[in-house]
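Novice: What follows is a single structure, and I will ask about it in a moment.
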Amino acid sequence: MQKTLFDKIWDQHVIVSKDDKDLLYIDLHLIHEVTSPQAFEGLRLKNRKLRRPDRTFATMDHNTPTVLEHRDFIEDPLSAEQLKSLADNCAEFGVTLFDMESEYNGIVHMIGPELGLSLPGKTIVCGDSHTATHGALGAIAFGIGTSEVEDVFATQCMWQTKPKNMGVKITGVLPDNVFAKDIILKLIAENGVSFGTGYAIEYYGDTIENLSVEERLSLCNMSIEGGAKFGLVKPDQKTLDYIADRKYTPKGEEFENFKESIKDLVTDDESLFDKIIKLDVTDLKPQVSYGTNPAMTVDIDQPFPEIKSVEDQTAYDYMDLKPGMKAEEIPIEFVFIGSCTNGRINDLRIAAEVMRDKKIAENISCVVVPGSMQVLQKAKEEGLLEIFEQAGCETRMPGCSYCLAMNEDRVTAGSHCASTSNRNFEGRQGERSRTHLMSPYLAAKTAIEGRISLE
Amino acid sequence: MNKLNIVQSKATVIFKDNIDTDILIPKNYLKSTKRTGFADALFAPWRYDEAGDPIPEFPLNQPENQNHKILIAGENFGCGSSREHAAWALQDFGIEVVIAGSYSPIFYMNYLNNLKLPLKLGRMEREALIEEDSMITVNLTEQTVTAGTLKFDFEIESVYREKLLKGQDGIEEILEYLDLIEKHEREYAK
Ligand code: SF4
């Protein structure tokens, strides 16, 4: 029977079906310090074991200080307690933890792919809404809540209602200096913040085939900003090259067998999608968000739209901007390059290339936070950190950092921040912070020019 | 676990679309390792001023809105992060039923998993309830919402309805299939 890529993987993992939900087997469970403590507590209260510690991996990312010296003593006692309780819980239940000392530490959605834990054909969950990131490798990966984390701890399974299938077909050659980040922002700007609700999105088309695996990760990462819990791309030769020789990827003959096992992972026919959305990127411009949800996004040279709802009015008031203004008029003071959307080595390469032998503008502070220790290491070896520092940026230790400002990294109240992260909600980067989402290329340009500009 | 069937209360109204989880409970309240104690955090960015004092006009702060078990909101409720703290904060505040046009899928499951009801009603129906402004009765068995002379039917997946009615612990429900899980592990997931 013909099936979509999503349905093929899903069906292979169904243990049993009951009415409209399926009991899914979970191959990989990634956890971090914020959404796991209550689930561990639940196990303890009921005297339950963690069923498959060998399929569970933990990292510290949301609360970790990015200033090295601050790691010895974390000032916020609550952050410190969450990190400590993760370490204690992992020790008690036998879970591998990549703590701040580990060379493999990083944002949870960075380390899964990077370590060869997230692989094509797998089911992957994490108590974090950006888990769809891992779907870029051809996997079913989705964010879950803490009750579900506890279900997976205890049983390695969870109930899920199978979503419908949406095909998002991207065609055309991306213009220079336009990236996966611009594609996903454009999709959300055109179709709204809930176009994907109830669907698993498969991104396909010639543009997707030409994207690097890292770009596909950035694309799938923001599926949730379009309302979809799942986003995926079919695995191909690039995927195989990407996963080969990573720490946990099967080796030698096992890898050959693995390759064999996934060779059928494609959507057999476009007509199998319940819905198809198309985007031609031939003339796509760099995207910038001006409001307080990711759909409030415009082309870089397009004036901000009129006010059509209370929500628009609230957003303009919050951002202190007006309809008709353009991105170049936003008084940017801060630039953040990092997060699980754009904290990969390729993102840093692009940003560094823009900044090479230049200085950031006087009105700007710019912080570069690599997504993981491995990215940090590579950026150091390639001399990227040096370029950033010479340009006047600060480079930091990995973590979520300014993406959600849960550790000590905050954008000053009222400041406008050009950010490569994924959410521009009120207060996301610190109380009364004002976020403008964009690609690493444009963020780096903005740091140099002192305003959002391609000139 | 508490079963849920009939909920009777007036409703607090925050009739906005895209109420995200950063608004329902901002990250500075997420650093607990417990499941309770979040009632004061609910809607904090809209509920308190910069000094941390309650803003009198905000619905949750109005005296007549205390002890309401029902919240009426707009579309795409609970979008954003997966934090179950959003569901816990609503629960702690005493909100047992949210009536919105649609939900983010992760919030929807989180609220259900705490045996609370994310109820979907169309815009016109919600506007009528707001206009009516009287005691609302949500009846899960009959799948109806009534208030004064208004009566609306609502849809919910039958399995989730059953889960709420029975007050079932998810893990026990899964462990009924332990032998099938073990079989799958032997065959596919060694
Ligand atoms: S980088 Fe941002 S979006 Fe990604 S996991 Fe961390 S907080 Fe969430």
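Quick note on naming: the chains in the structure tokens go A, B, ... in the order shown, residues restart at 1 in each chain, and ligands are numbered from 1 in order of appearance.
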Find the residues near Tyr177 in chain B: any atom within 10 Å, counting only C-alpha atoms, skip ones fewer than 6 places away on the same chain, and give them as a ChimeraX atom specification.
Specialist: /A:15-16,23,155
Novice: Using only C-alpha atoms, select each residue of chain A with any atom at most 6 Å away from an atom of chain B, and give the selection as a compact mmCIF listing (two decimals) with all heavy atoms, in the first residue's frame.
Specialist:
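The resulting file, part-v7.txt, is shown below:
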# COMPACT_ATOMS: atom_id res chain seq x y z
N PRO A 37 11.96 17.27 35.96
CA PRO A 37 11.98 16.95 37.39
C PRO A 37 10.66 16.38 37.92
O PRO A 37 10.67 15.41 38.68
CB PRO A 37 12.30 18.29 38.08
CG PRO A 37 12.36 19.33 37.04
CD PRO A 37 12.36 18.67 35.71
N GLN A 38 9.54 16.96 37.48
CA GLN A 38 8.25 16.48 37.98
C GLN A 38 7.97 15.06 37.50
O GLN A 38 7.25 14.30 38.16
CB GLN A 38 7.12 17.42 37.55
CG GLN A 38 7.15 18.77 38.23
CD GLN A 38 8.00 19.80 37.51
OE1 GLN A 38 8.73 19.48 36.57
NE2 GLN A 38 7.93 21.05 37.94
N LEU A 78 17.24 28.79 42.19
CA LEU A 78 16.27 27.90 41.55
C LEU A 78 16.87 27.22 40.32
O LEU A 78 16.67 26.04 40.07
CB LEU A 78 15.01 28.68 41.18
CG LEU A 78 14.26 29.26 42.39
CD1 LEU A 78 13.16 30.20 41.93
CD2 LEU A 78 13.69 28.17 43.25
N ASP A 128 9.95 19.35 25.00
CA ASP A 128 10.34 20.65 24.46
C ASP A 128 9.71 20.80 23.08
O ASP A 128 9.79 19.89 22.26
CB ASP A 128 11.86 20.73 24.34
CG ASP A 128 12.29 22.15 24.08
OD1 ASP A 128 12.17 22.61 22.94
OD2 ASP A 128 12.73 22.81 25.04
N SER A 129 9.10 21.96 22.84
CA SER A 129 8.28 22.08 21.63
C SER A 129 9.08 22.12 20.34
O SER A 129 8.52 21.94 19.27
CB SER A 129 7.41 23.33 21.74
OG SER A 129 8.22 24.46 21.90
N GLY A 145 4.59 17.00 26.78
CA GLY A 145 4.50 17.62 28.09
C GLY A 145 5.08 16.71 29.16
O GLY A 145 5.46 15.57 28.88
N THR A 146 5.12 17.21 30.38
CA THR A 146 5.80 16.46 31.43
C THR A 146 5.07 15.17 31.82
O THR A 146 5.71 14.16 32.13
CB THR A 146 6.02 17.37 32.65
OG1 THR A 146 6.86 18.46 32.22
CG2 THR A 146 6.71 16.66 33.78
N ASP A 151 5.17 9.17 31.21
CA ASP A 151 4.68 7.96 30.53
C ASP A 151 5.83 7.27 29.81
O ASP A 151 5.97 6.05 29.87
CB ASP A 151 3.61 8.32 29.47
CG ASP A 151 2.31 8.82 30.10
OD1 ASP A 151 2.18 8.75 31.34
OD2 ASP A 151 1.44 9.29 29.35
Novice: Excluding same-chain residues fewer than 6 positions from Ile448 in chain A, what lies within 12 Å of it counting only C-alpha atoms, as an MDAnalysis selection string?
Specialist: chainID A and resid 332:335 351:366 388 391:393 418 441:442 454:455
Novice: Now that the selection is made, can you save its residues with N, CA, C and O atoms as a JSON list (two decimals), in the first residue's frame?
Specialist:
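And here is the file that came out, part01.json:
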[["chain", "number", "residue", "atom", "x", "y", "z"],
["A", 332, "ILE", "N", 17.67, 48.97, 16.49],
["A", 332, "ILE", "CA", 18.30, 47.77, 17.06],
["A", 332, "ILE", "C", 19.46, 48.16, 17.96],
["A", 332, "ILE", "O", 20.28, 49.01, 17.61],
["A", 333, "GLU", "N", 19.52, 47.51, 19.12],
["A", 333, "GLU", "CA", 20.66, 47.76, 20.03],
["A", 333, "GLU", "C", 21.42, 46.48, 20.32],
["A", 333, "GLU", "O", 22.53, 46.50, 20.85],
["A", 334, "PHE", "N", 20.77, 45.36, 20.05],
["A", 334, "PHE", "CA", 21.34, 44.10, 20.49],
["A", 334, "PHE", "C", 21.21, 43.07, 19.38],
["A", 334, "PHE", "O", 20.20, 43.05, 18.67],
["A", 335, "VAL", "N", 22.24, 42.23, 19.21],
["A", 335, "VAL", "CA", 22.16, 41.15, 18.23],
["A", 335, "VAL", "C", 22.52, 39.84, 18.92],
["A", 335, "VAL", "O", 23.54, 39.76, 19.62],
["A", 351, "ALA", "N", 27.72, 33.88, 9.56],
["A", 351, "ALA", "CA", 27.80, 35.14, 10.31],
["A", 351, "ALA", "C", 29.24, 35.65, 10.35],
["A", 351, "ALA", "O", 29.49, 36.85, 10.19],
["A", 352, "ALA", "N", 30.19, 34.74, 10.52],
["A", 352, "ALA", "CA", 31.60, 35.14, 10.61],
["A", 352, "ALA", "C", 32.07, 35.72, 9.28],
["A", 352, "ALA", "O", 32.84, 36.69, 9.24],
["A", 353, "GLU", "N", 31.60, 35.13, 8.21],
["A", 353, "GLU", "CA", 32.00, 35.61, 6.87],
["A", 353, "GLU", "C", 31.58, 37.08, 6.70],
["A", 353, "GLU", "O", 32.33, 37.89, 6.15],
["A", 354, "VAL", "N", 30.39, 37.40, 7.20],
["A", 354, "VAL", "CA", 29.91, 38.79, 7.11],
["A", 354, "VAL", "C", 30.79, 39.72, 7.96],
["A", 354, "VAL", "O", 31.03, 40.87, 7.60],
["A", 355, "MET", "N", 31.27, 39.20, 9.08],
["A", 355, "MET", "CA", 31.98, 40.07, 10.03],
["A", 355, "MET", "C", 33.49, 40.09, 9.84],
["A", 355, "MET", "O", 34.17, 40.89, 10.49],
["A", 356, "ARG", "N", 33.98, 39.23, 8.98],
["A", 356, "ARG", "CA", 35.44, 39.13, 8.81],
["A", 356, "ARG", "C", 36.05, 40.51, 8.53],
["A", 356, "ARG", "O", 35.59, 41.24, 7.66],
["A", 357, "ASP", "N", 37.07, 40.85, 9.30],
["A", 357, "ASP", "CA", 37.79, 42.13, 9.15],
["A", 357, "ASP", "C", 36.91, 43.37, 9.27],
["A", 357, "ASP", "O", 37.23, 44.42, 8.73],
["A", 358, "LYS", "N", 35.76, 43.22, 9.93],
["A", 358, "LYS", "CA", 34.90, 44.39, 10.13],
["A", 358, "LYS", "C", 34.68, 44.59, 11.61],
["A", 358, "LYS", "O", 35.01, 43.75, 12.43],
["A", 359, "LYS", "N", 34.07, 45.71, 11.95],
["A", 359, "LYS", "CA", 33.71, 46.00, 13.34],
["A", 359, "LYS", "C", 32.20, 46.17, 13.43],
["A", 359, "LYS", "O", 31.59, 46.75, 12.52],
["A", 360, "ILE", "N", 31.63, 45.72, 14.52],
["A", 360, "ILE", "CA", 30.20, 45.95, 14.69],
["A", 360, "ILE", "C", 29.96, 47.43, 14.99],
["A", 360, "ILE", "O", 30.84, 48.11, 15.51],
["A", 361, "ALA", "N", 28.76, 47.90, 14.66],
["A", 361, "ALA", "CA", 28.44, 49.33, 14.81],
["A", 361, "ALA", "C", 28.44, 49.73, 16.29],
["A", 361, "ALA", "O", 28.25, 48.89, 17.17],
["A", 362, "GLU", "N", 28.62, 51.01, 16.52],
["A", 362, "GLU", "CA", 28.76, 51.49, 17.89],
["A", 362, "GLU", "C", 27.52, 51.33, 18.76],
["A", 362, "GLU", "O", 27.61, 51.13, 19.96],
["A", 363, "ASN", "N", 26.35, 51.41, 18.11],
["A", 363, "ASN", "CA", 25.10, 51.30, 18.87],
["A", 363, "ASN", "C", 24.73, 49.85, 19.20],
["A", 363, "ASN", "O", 23.70, 49.60, 19.80],
["A", 364, "ILE", "N", 25.57, 48.90, 18.79],
["A", 364, "ILE", "CA", 25.18, 47.49, 18.89],
["A", 364, "ILE", "C", 26.05, 46.73, 19.88],
["A", 364, "ILE", "O", 27.27, 46.88, 19.91],
["A", 365, "SER", "N", 25.40, 45.88, 20.70],
["A", 365, "SER", "CA", 26.15, 44.81, 21.38],
["A", 365, "SER", "C", 25.73, 43.51, 20.72],
["A", 365, "SER", "O", 24.55, 43.32, 20.44],
["A", 366, "CYS", "N", 26.71, 42.66, 20.48],
["A", 366, "CYS", "CA", 26.40, 41.40, 19.81],
["A", 366, "CYS", "C", 26.99, 40.23, 20.59],
["A", 366, "CYS", "O", 28.16, 40.25, 20.95],
["A", 388, "PHE", "N", 34.70, 36.84, 15.33],
["A", 388, "PHE", "CA", 33.64, 37.51, 16.09],
["A", 388, "PHE", "C", 34.23, 38.46, 17.13],
["A", 388, "PHE", "O", 33.77, 39.59, 17.29],
["A", 391, "ALA", "N", 35.67, 41.53, 15.74],
["A", 391, "ALA", "CA", 34.63, 42.45, 15.26],
["A", 391, "ALA", "C", 33.99, 43.19, 16.44],
["A", 391, "ALA", "O", 33.24, 44.14, 16.25],
["A", 392, "GLY", "N", 34.25, 42.70, 17.65],
["A", 392, "GLY", "CA", 33.69, 43.37, 18.82],
["A", 392, "GLY", "C", 32.51, 42.62, 19.43],
["A", 392, "GLY", "O", 31.80, 43.16, 20.28],
["A", 393, "CYS", "N", 32.29, 41.36, 19.00],
["A", 393, "CYS", "CA", 31.21, 40.56, 19.61],
["A", 393, "CYS", "C", 31.76, 39.85, 20.83],
["A", 393, "CYS", "O", 32.95, 39.67, 20.99],
["A", 418, "ALA", "N", 17.94, 41.99, 17.33],
["A", 418, "ALA", "CA", 17.94, 41.19, 16.10],
["A", 418, "ALA", "C", 18.39, 39.81, 16.51],
["A", 418, "ALA", "O", 19.49, 39.64, 17.01],
["A", 441, "TYR", "N", 22.65, 35.40, 8.74],
["A", 441, "TYR", "CA", 23.28, 36.31, 7.79],
["A", 441, "TYR", "C", 22.83, 37.74, 8.06],
["A", 441, "TYR", "O", 23.63, 38.66, 8.22],
["A", 442, "LEU", "N", 21.49, 37.90, 8.14],
["A", 442, "LEU", "CA", 20.96, 39.24, 8.33],
["A", 442, "LEU", "C", 21.29, 39.79, 9.72],
["A", 442, "LEU", "O", 21.54, 40.98, 9.88],
["A", 454, "LEU", "N", 20.68, 45.45, 4.21],
["A", 454, "LEU", "CA", 21.55, 44.59, 3.40],
["A", 454, "LEU", "C", 22.68, 45.37, 2.77],
["A", 454, "LEU", "O", 23.57, 44.81, 2.15],
["A", 455, "GLU", "N", 22.61, 46.70, 2.88],
["A", 455, "GLU", "CA", 23.63, 47.53, 2.21],
["A", 455, "GLU", "C", 25.00, 47.39, 2.84],
["A", 455, "GLU", "O", 25.12, 47.20, 4.04]]
Novice: Could you list, as a tab-separated table (two decimals) with N, CA, C and O atoms, in the first residue's frame, every residue within 9 Å of Leu119 in chain B, counting only C-alpha atoms and ignoring same-chain residues fewer than 2 positions away?
Specialist:
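Contents of selection_31.tsv, freshly written:
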chain	number	residue	atom	x	y	z
B	97	VAL	N	-11.96	24.00	33.05
B	97	VAL	CA	-12.36	23.92	31.64
B	97	VAL	C	-11.91	25.20	30.94
B	97	VAL	O	-12.18	26.29	31.43
B	98	VAL	N	-11.20	25.05	29.85
B	98	VAL	CA	-10.93	26.20	28.99
B	98	VAL	C	-11.85	26.06	27.79
B	98	VAL	O	-12.00	24.96	27.25
B	99	ILE	N	-12.50	27.13	27.41
B	99	ILE	CA	-13.32	27.10	26.20
B	99	ILE	C	-12.66	28.02	25.17
B	99	ILE	O	-12.64	29.24	25.36
B	100	ALA	N	-12.06	27.42	24.15
B	100	ALA	CA	-11.37	28.22	23.14
B	100	ALA	C	-11.80	27.73	21.76
B	100	ALA	O	-12.46	26.69	21.64
B	101	GLY	N	-11.41	28.47	20.73
B	101	GLY	CA	-11.75	28.07	19.37
B	101	GLY	C	-10.87	26.91	18.91
B	101	GLY	O	-11.32	25.99	18.23
B	102	SER	N	-9.59	26.96	19.28
B	102	SER	CA	-8.66	25.89	18.93
B	102	SER	C	-7.48	25.94	19.88
B	102	SER	O	-7.32	26.92	20.61
B	117	LEU	N	-10.37	19.84	31.01
B	117	LEU	CA	-11.02	19.78	29.70
B	117	LEU	C	-10.72	20.99	28.81
B	117	LEU	O	-11.14	22.10	29.12
B	121	LEU	N	-15.19	25.41	21.05
B	121	LEU	CA	-16.47	25.96	20.58
B	121	LEU	C	-16.19	27.05	19.55
B	121	LEU	O	-15.18	27.75	19.65
B	154	PHE	N	-20.65	20.09	22.01
B	154	PHE	CA	-19.24	20.18	21.62
B	154	PHE	C	-18.68	18.81	21.30
B	154	PHE	O	-19.25	17.79	21.69
B	155	GLU	N	-17.60	18.80	20.56
B	155	GLU	CA	-16.96	17.56	20.14
B	155	GLU	C	-15.73	17.29	21.01
B	155	GLU	O	-15.03	18.23	21.38
B	156	ILE	N	-15.48	16.07	21.31
B	156	ILE	CA	-14.20	15.69	21.93
B	156	ILE	C	-13.91	14.25	21.52
B	156	ILE	O	-14.85	13.44	21.36
Novice: As an MDAnalysis selection string, which residues of range 88-221 of chain A does DSSP assign to helix (DSSP H, G or I)?
Specialist: chainID A and resid 88:93 108:114 129:137 146:155 180:191 206:210 213:221
Novice: Find the residues near ligand 1. Use a cut-off of 10 Å, count only C-alpha atoms and all ligand atoms, and write them as a ChimeraX atom specification.
Specialist: /A:32,61-63,106-110,126-131,133,221-222,338-343,371,398-406,420-423,428-429 /B:27,80-82
Novice: Need the shell around Arg434 in chain A: protein/DNA/RNA residues with any atom at most 10 Å away, counting only C-alpha atoms. Skip same-chain ones fewer than 6 positions apart. Format as a PyMOL selection string?
Specialist: chain A and resi 290-292+318-320+332+334+411-419+424-428
Novice: Could those residues be written to a file, using C-alpha atoms, as a PDB file, in the first residue's frame?
Specialist:
ATOM      1  CA  TYR A 290       8.204  43.156  13.500  1.00  0.00           C
ATOM      2  CA  GLY A 291       5.526  41.978  15.973  1.00  0.00           C
ATOM      3  CA  THR A 292       4.937  39.587  18.828  1.00  0.00           C
ATOM      4  CA  TYR A 318       4.490  46.531  22.669  1.00  0.00           C
ATOM      5  CA  MET A 319       7.144  46.887  19.990  1.00  0.00           C
ATOM      6  CA  ASP A 320       6.829  50.667  19.832  1.00  0.00           C
ATOM      7  CA  ILE A 332      18.296  47.770  17.060  1.00  0.00           C
ATOM      8  CA  PHE A 334      21.339  44.099  20.491  1.00  0.00           C
ATOM      9  CA  VAL A 411      17.977  41.655  26.636  1.00  0.00           C
ATOM     10  CA  THR A 412      17.496  44.984  28.440  1.00  0.00           C
ATOM     11  CA  ALA A 413      13.860  46.040  28.897  1.00  0.00           C
ATOM     12  CA  GLY A 414      12.665  48.065  25.926  1.00  0.00           C
ATOM     13  CA  SER A 415      15.617  47.147  23.688  1.00  0.00           C
ATOM     14  CA  HIS A 416      15.151  45.848  20.182  1.00  0.00           C
ATOM     15  CA  CYS A 417      17.091  42.661  19.505  1.00  0.00           C
ATOM     16  CA  ALA A 418      17.938  41.194  16.104  1.00  0.00           C
ATOM     17  CA  SER A 419      17.793  37.510  16.927  1.00  0.00           C
ATOM     18  CA  ASN A 424       9.295  36.827  19.349  1.00  0.00           C
ATOM     19  CA  PHE A 425       6.662  36.606  22.079  1.00  0.00           C
ATOM     20  CA  GLU A 426       6.307  39.390  24.630  1.00  0.00           C
ATOM     21  CA  GLY A 427       9.110  39.154  27.160  1.00  0.00           C
ATOM     22  CA  ARG A 428      10.685  36.151  25.493  1.00  0.00           C
TER      23      ARG A 428
END
Novice: Do you have the CA of Pro59 in chain B-CA of Val13 in chain B distance handy?
Specialist: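 CA of Pro59 in chain B sits 6.9 Å away from CA of Val13 in chain B.
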